[in-house]
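J.: Data: entry-v4.txt, compact mmCIF, C-alpha atoms.
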# COMPACT_ATOMS: atom_id res chain seq x y z
CA MET O 1 82.47 -31.41 -93.04
CA LYS O 2 81.74 -30.05 -96.51
CA ASN O 3 79.20 -27.24 -96.99
CA LYS O 4 78.03 -27.20 -93.37
CA LEU O 5 76.98 -24.08 -91.50
CA THR O 6 79.80 -23.72 -88.99
CA HIS O 7 79.66 -20.18 -87.64
CA PHE O 8 77.49 -17.10 -87.30
CA ALA O 9 78.23 -13.49 -86.45
CA ILE O 10 75.95 -11.03 -84.71
CA HIS O 11 76.72 -7.44 -85.70
CA ILE O 12 76.54 -5.14 -82.71
CA ASP O 13 76.78 -1.48 -81.73
CA GLN O 14 77.72 -1.86 -78.04
CA ILE O 15 79.59 -5.00 -77.08
CA GLU O 16 78.92 -4.90 -73.33
CA ARG O 17 75.20 -4.35 -73.82
CA ALA O 18 75.00 -7.19 -76.35
CA LYS O 19 77.12 -9.49 -74.17
CA LYS O 20 74.86 -8.91 -71.17
CA PHE O 21 71.75 -9.58 -73.29
CA TYR O 22 72.97 -12.90 -74.73
CA GLU O 23 74.45 -14.07 -71.42
CA SER O 24 71.09 -13.46 -69.74
CA VAL O 25 68.86 -14.86 -72.47
CA PHE O 26 70.83 -17.91 -73.68
CA GLU O 27 73.48 -18.34 -70.96
CA TRP O 28 76.20 -18.15 -73.60
CA GLY O 29 79.84 -17.74 -72.64
CA PHE O 30 82.35 -15.47 -74.37
CA ASN O 31 86.05 -15.37 -75.19
CA SER O 32 87.95 -12.27 -76.16
CA TYR O 33 89.63 -12.54 -79.58
CA GLY O 34 92.14 -9.75 -79.91
CA GLN O 35 90.01 -6.69 -80.59
CA ASP O 36 87.88 -4.90 -77.97
CA ASP O 37 84.87 -5.02 -80.29
CA PHE O 38 84.92 -8.73 -81.16
CA LEU O 39 83.98 -11.67 -78.91
CA GLN O 40 83.76 -15.37 -79.65
CA ILE O 41 80.46 -16.93 -78.53
CA LYS O 42 80.49 -20.24 -76.67
CA ALA O 43 77.42 -22.48 -76.38
CA ASP O 44 77.75 -22.31 -72.59
CA LYS O 45 79.78 -20.54 -69.91
CA SER O 46 82.14 -23.46 -69.20
CA GLU O 47 85.83 -23.06 -69.90
CA ASN O 48 85.63 -25.66 -72.68
CA GLY O 49 82.32 -24.51 -74.17
CA GLU O 50 81.93 -25.15 -77.90
CA LEU O 51 82.64 -22.07 -80.05
CA ILE O 52 79.52 -21.40 -82.11
CA GLY O 53 79.81 -17.82 -83.33
CA ALA O 54 80.94 -14.27 -82.73
CA MET O 55 79.70 -10.84 -81.76
CA GLN O 56 81.45 -8.17 -83.76
CA SER O 57 81.30 -4.45 -84.33
CA ARG O 58 79.34 -3.38 -87.38
CA LYS O 59 82.53 -1.71 -88.65
CA TYR O 60 83.72 -5.17 -89.78
CA SER O 61 80.85 -5.53 -92.24
CA PRO O 62 81.91 -5.41 -95.89
CA VAL O 63 78.64 -3.71 -96.93
CA PRO O 64 77.87 -0.03 -96.25
CA GLU O 65 74.29 -0.65 -95.05
CA ARG O 66 73.62 -1.52 -91.43
CA ILE O 67 73.18 -5.30 -91.24
CA ILE O 68 70.24 -6.53 -89.20
CA GLY O 69 70.37 -10.27 -88.76
CA LEU O 70 73.08 -12.88 -88.62
CA GLU O 71 76.04 -13.34 -90.93
CA CYS O 72 76.48 -17.08 -91.50
CA THR O 73 79.65 -18.95 -92.42
CA ILE O 74 79.63 -22.14 -94.47
CA SER O 75 82.57 -24.54 -94.33
CA VAL O 76 83.92 -25.46 -97.78
CA GLU O 77 86.68 -27.79 -98.97
CA ASN O 78 88.15 -25.38 -101.54
CA ILE O 79 87.44 -21.68 -101.12
CA ASP O 80 88.90 -20.73 -104.50
CA GLU O 81 86.56 -23.11 -106.34
CA THR O 82 83.60 -22.01 -104.23
CA MET O 83 84.19 -18.32 -104.90
CA GLN O 84 84.45 -19.03 -108.64
CA LYS O 85 81.07 -20.78 -108.42
CA VAL O 86 79.67 -17.72 -106.60
CA LYS O 87 80.79 -15.49 -109.50
CA ASP O 88 79.62 -17.94 -112.17
CA ASN O 89 76.16 -18.09 -110.62
CA GLY O 90 75.48 -14.38 -110.20
CA GLY O 91 76.89 -13.71 -106.72
CA GLN O 92 79.05 -10.69 -105.89
CA VAL O 93 82.37 -11.14 -104.09
CA LEU O 94 82.75 -8.50 -101.37
CA MET O 95 85.89 -9.74 -99.63
CA PRO O 96 88.31 -12.01 -101.49
CA LYS O 97 90.05 -14.95 -99.86
CA THR O 98 91.69 -13.68 -96.68
CA ALA O 99 93.70 -15.59 -94.08
CA ILE O 100 92.59 -15.72 -90.47
CA PRO O 101 95.78 -16.91 -88.76
CA TYR O 102 95.54 -20.41 -87.28
CA VAL O 103 91.87 -20.72 -88.37
CA GLY O 104 91.72 -20.79 -92.17
CA PHE O 105 90.75 -18.74 -95.19
CA ILE O 106 87.55 -16.69 -95.36
CA ALA O 107 85.77 -14.91 -98.21
CA LYS O 108 82.50 -12.94 -98.15
CA PHE O 109 79.91 -12.48 -100.87
CA LEU O 110 76.35 -11.42 -101.60
CA ASP O 111 74.09 -14.13 -102.98
CA THR O 112 71.63 -13.40 -105.78
CA GLU O 113 69.12 -12.18 -103.16
CA GLY O 114 71.49 -9.71 -101.51
CA ASN O 115 72.25 -11.85 -98.45
CA LEU O 116 75.74 -11.58 -96.94
CA ILE O 117 77.35 -15.04 -96.72
CA CYS O 118 80.82 -16.15 -95.65
CA CYS O 119 82.75 -19.21 -96.78
CA MET O 120 85.54 -20.67 -94.67
CA GLN O 121 88.16 -23.19 -95.70
CA TYR O 122 89.43 -24.31 -92.30
CA ASP O 123 93.21 -24.66 -92.26
CA HIS O 124 95.10 -24.26 -88.99
CA SER O 125 98.32 -23.50 -90.90
CA ALA O 126 96.81 -20.34 -92.45
CA ARG O 127 98.88 -17.22 -91.93
Would you mind writing the file's structure down as structure tokens?

T.:
Amino acid sequence: MKNKLTHFAIHIDQIERAKKFYESVFEWGFNSYGQDDFLQIKADKSENGELIGAMQSRKYSPVPERIIGLECTISVENIDETMQKVKDNGGQVLMPKTAIPYVGFIAKFLDTEGNLICCMQYDHSAR
């Protein structure tokens, strides 16, 4: 779907502490995703729970300030065109188009208000 919010990331300091909190409060489930400081968030604890977001170490943030809040990802049809629109409309590209293998292409930018936003062009053939 075009221009739909499809993902969020919660920046964390201690993954086990954050995992315990969100498991207890929302009954979310988690999948490991390669790194020790990154977990996928599932809407529930079932094996086939829908992936809705991620918890990730603050070291993955492209901005030097400590982010408080959620980093949202918006699905787009063409990431190159979208990032050009970001530039043309006063946004600041922080991370250019980057492949996430088997997921798609991601780019990160600041909007005109200083909010960190991600765009994702989903493409399972991305390498």

J.: Considering all atoms listed in the file, return as number ranges by chain whatever protein or nucleic-acid residues lie within 12 Å of O:Asn115, sequence-local ones (same chain, fewer than 6 positions apart) excluded.

T.: O: 62-63, 65, 67-73, 91-94, 108-109

J.: Here is a test: counting all atoms listed in the file, which residue of O:Ala126, O:Ala107, O:Leu39, O:Ala54 is nearest to O:His7?

T.: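 Under the stated criterion, the closest residue is O:Ala54.
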
J.: Distance atom CA of O:Tyr122-atom CA of O:Ala43, one decimal place?

T.: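 We find that atom CA of O:Tyr122 and atom CA of O:Ala43 lie 20.0 Å from each other.
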
J.: Using only C-alpha atoms, which of the listed residues (O:Thr98, O:Asn31, O:Ser61, O:Gln40) sits closest to O:Asp123?

T.: O:Thr98

J.: If I take atom CA of O:Met55 and atom CA of O:Phe8, how far is one from the other in Å, to one decimal?

T.: 8.6 Å

J.: Would you work out the distance separating atom CA of O:Ser125 from atom CA of O:Gly104, expressed in Å to one decimal?

T.: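 A separation of 7.2 Å between them.
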
J.: When distances are computed from only C-alpha atoms, which of O:Lys2, O:His11, O:His124, O:Lys42 shows the smallest separation from O:Pro101?

T.: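 Distance minimum relative to O:Pro101 lands on O:His124.
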
J.: Between O:Tyr102, O:Asp44, O:Gly114, O:Glu77, which has the minimum distance to O:Gly90 (counting all atoms listed in the file)?

T.: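 Selected residue with least distance to O:Gly90: O:Gly114.
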
J.: Which one of O:Ile41, O:Met83, O:Ala18, O:Ile12 sits closest to O:Ile117 if you count only C-alpha atoms?

T.: O:Met83

J.: Restricting the calculation to all atoms listed in the file: of O:Ile15, O:Val86, O:Val76, O:Ile52, which residue gets closest to O:Gly29?

T.: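 Answer, going by the shortest atom-to-atom distance: O:Ile52.
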
J.: Please check which residues have atoms at most 12 Å from (88.2, -5.2, -79.1) in the file's coordinates, counting only C-alpha atoms, and write them as a PyMOL selection string.

T.: chain O and resi 14-16+31-40+55-57+59-60
